[in-house]
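Remarks on the structure that follows.
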Amino acid sequence: MTTHKQLVLSGMQPTNTLHLGNYLGALKNWVRMQSEMPCLFCVVDMHALTQESGYAKADDVRRATREVTAAYIAAGVDPARTPIFNQSQVAEHGELAWIFNCVARLGWLDRMTQFKEKSGKHKERSSVGLYTYPVLMAADILVYRATHVPVGEDQKQHLELARDIAQKFNNDFGVEDFFPQPEPVITGPATRVMSLRDGAKKMSKTDESDNSRINLTDSADTIAQKIRKAKTDPNPLPEDKKGFEGRPEAENLVNIYAALADTTPDAVLGEYGGKQFSEFKNALAELTVARIAPIADEMRRLLADEAEIDRILKDGAQKARAIAAPIIAETKKVVGFVG
Ligand code: TYM
């Protein structure tokens with residue numbers, strides 16, 4: 001039994017623009033959790049440096065950091081109640097990551113599927129940062145002793161690693177329950193939103209086809225067009241979820257609808273089962289525009305005042321540091337650092 005107070009932490013990488021998968025898989029749940037427990041939301045700019053082939057140009061990181069911050073706020077995270085900050089402003093993340101690098105085992109990191117996907121055929125040319133990325137992620141969470149981590153399905157393995165690191169640290173240093181076992185919170189009908197062009201691929205910021213995703217900054221027209229063009233099959237929608245067998249594109253669009261409408265895939269099929277995709281796509285386009293376009297408008301408004309965004313990040317970082325500093329001080333004592 002853990003004695004740790006409930007605390008939520010999650011984060012997103014400032015890489016390209018956020019998309020519907022980030023919103024439905026994570027951000028939408030963050031907004032809800034704000035009224036359930038204290039939360040901290042981070043823009044993980046240090047993780048953004050692990051991106052391939054020089055993407056991490058300084059201007060891109062800066063622009064994306066402010067854009068992701070604006071997206072959090074536009075979606076409903078309230079900076080007056082919930083600290084929003086960029087990781088690099090809280091040095092304790094990096095300090096704990098080093099200690100955790102000495103706790104995590106190579107064999108554990110070798111099993112990480114995201115590293116395998118991102119490094120592709122050229123493992124030896126990948127940065128060491130990309131390899132040790134999940135260790136920094138564990139530090140992001142445990143530097144606050146966060147207990148709940150709302151994320152999409154793709155982060156599950158990284159969360160399991162964070163739990164293993166916490167456990168091994170506690171065992172190795174003989175400090176029972178020093179770090180909690182953080183719980184992944186993976187909820188809702190759209191924990192893994194798929195590409196609009198290929199139901200076997202995850203919707204991703206780095207897919208080269210812009211039609212594969214709905215960006216949070218897309219205009220109403222672009223959103224509607226992308227949904228109309230989304231890949232489907234020639235059959236009508238199934239009557240129930242069993243009919244999704246072999247029809248990943250149909251399943252994806254229904255899950256997106258259910259998540260946006262705060263209902264279940266069964267309820268959506270109750271209404272649209274047996275109908276043609278053309279009719280369903282019109283309804284989905286309308287719903288997506290109604291939910292996403294206001295976020296884009298609010299992001300544009302917020303981004304017009306960069307100084308205010310920077311102020312919010314600084315203020316959030318100060319509050320985050322106040323929580324992390326005593327935990328890092330204790331951790332350093334536990335591992336034997338003098339000072
Ligand atoms: P990132 O930036 O890739 O994604 C941010 C969040 O969006 C979710 N997500 C999706 N959910 C559903 N369908 C999709 N297609 C989809 N694509 C992305 C992700 O699961 C994530 O919740 N490693 C993290 C960032 C991170 C972090 C942390 C998260 C760093 N430190 C500490 C939580 C706690 C990442 O790369 O997310």
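Scheme for the structure tokens: letters A, B, ... for chains in order shown; per-chain residue numbers from 1; ligand numbers from 1 in order shown.
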Contacts with ligand 1 at most 8 Å, only C-alpha atoms and all ligand atoms counted, listed as a VMD selection string: chain A and resid 9 to 15 19 to 27 42 to 44 47 133 to 134 136 to 141 149 to 156 158 to 159 190 to 195 202 to 205
Residue neighbourhood Pro180 in chain A, 9 Å, only C-alpha atoms, exclusion window fewer than 4 positions, as a ChimeraX atom specification: /A:2-4,142,145-147,163,166-167
Spatial neighbours of range 114-118 of chain A, max dist 8 Å, only C-alpha atoms, sep filter under 4 positions, as an MDAnalysis selection string: chainID A and resid 123 130:131
Could those selected residues go to a file with C-alpha atoms, as a compact mmCIF listing (two decimals), in the first residue's frame?
```txt
# COMPACT_ATOMS: atom_id res chain seq x y z
CA LYS A 123 20.38 1.78 -34.33
CA LEU A 130 16.76 8.50 -27.93
CA TYR A 131 17.80 5.24 -26.27
```
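CA of Ala71 in chain A sits 26.4 Å away from CA of Pro265 in chain A.
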Test item, helix (DSSP H, G or I) assignment across range 76-277 of chain A, answer as a VMD selection string: chain A and resid 87 to 89 92 to 101 106 to 110 113 to 119 123 to 125 128 to 142 153 to 172 210 to 212 220 to 229 241 to 244 248 to 260 265 to 272 277
Strand (DSSP E or B) call set, DSSP backbone run, range 18-179 of chain A, as an MDAnalysis selection string: chainID A and resid 19 39:43 84:86 148:150
Mind checking which residues fall within 10 Å of range 287-294 of chain A, counting only C-alpha atoms, ignoring those fewer than 6 positions away in the same chain, and posting them as a CSV table (one decimal) with C-alpha atoms, in the first residue's frame?
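File result_4.csv, as written:
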```csv
chain,number,residue,atom,x,y,z
A,19,HIS,CA,-3.1,16.2,-33.5
A,20,LEU,CA,-6.4,14.5,-32.7
A,23,TYR,CA,-6.1,15.3,-27.8
A,74,ALA,CA,-7.0,26.2,-25.3
A,75,ALA,CA,-8.2,22.6,-24.6
A,214,ILE,CA,-6.2,16.1,-38.0
A,215,ASN,CA,-3.9,18.8,-36.5
A,216,LEU,CA,-5.3,20.9,-33.6
A,217,THR,CA,-4.5,23.9,-35.8
A,218,ASP,CA,-6.4,22.8,-38.9
A,219,SER,CA,-9.2,25.1,-40.2
A,220,ALA,CA,-12.8,23.9,-40.3
A,221,ASP,CA,-12.6,23.3,-44.0
A,222,THR,CA,-9.4,21.3,-43.8
A,223,ILE,CA,-10.8,19.1,-41.0
A,224,ALA,CA,-14.0,18.4,-43.0
A,227,ILE,CA,-12.5,13.3,-42.8
A,256,ILE,CA,-13.1,9.0,-32.7
A,257,TYR,CA,-16.8,9.9,-32.9
A,260,LEU,CA,-15.6,13.4,-29.3
A,261,ALA,CA,-19.2,12.9,-28.4
A,281,LYS,CA,-18.6,11.0,-42.3
A,300,ARG,CA,-4.2,31.5,-32.3
```
Coordinates-based distance that separates CA of Val135 in chain A from CA of Thr331 in chain A (Å, one decimal): 15.9 Å
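Between CA of Glu286 in chain A and CA of Val68 in chain A there is a distance of 24.5 Å.
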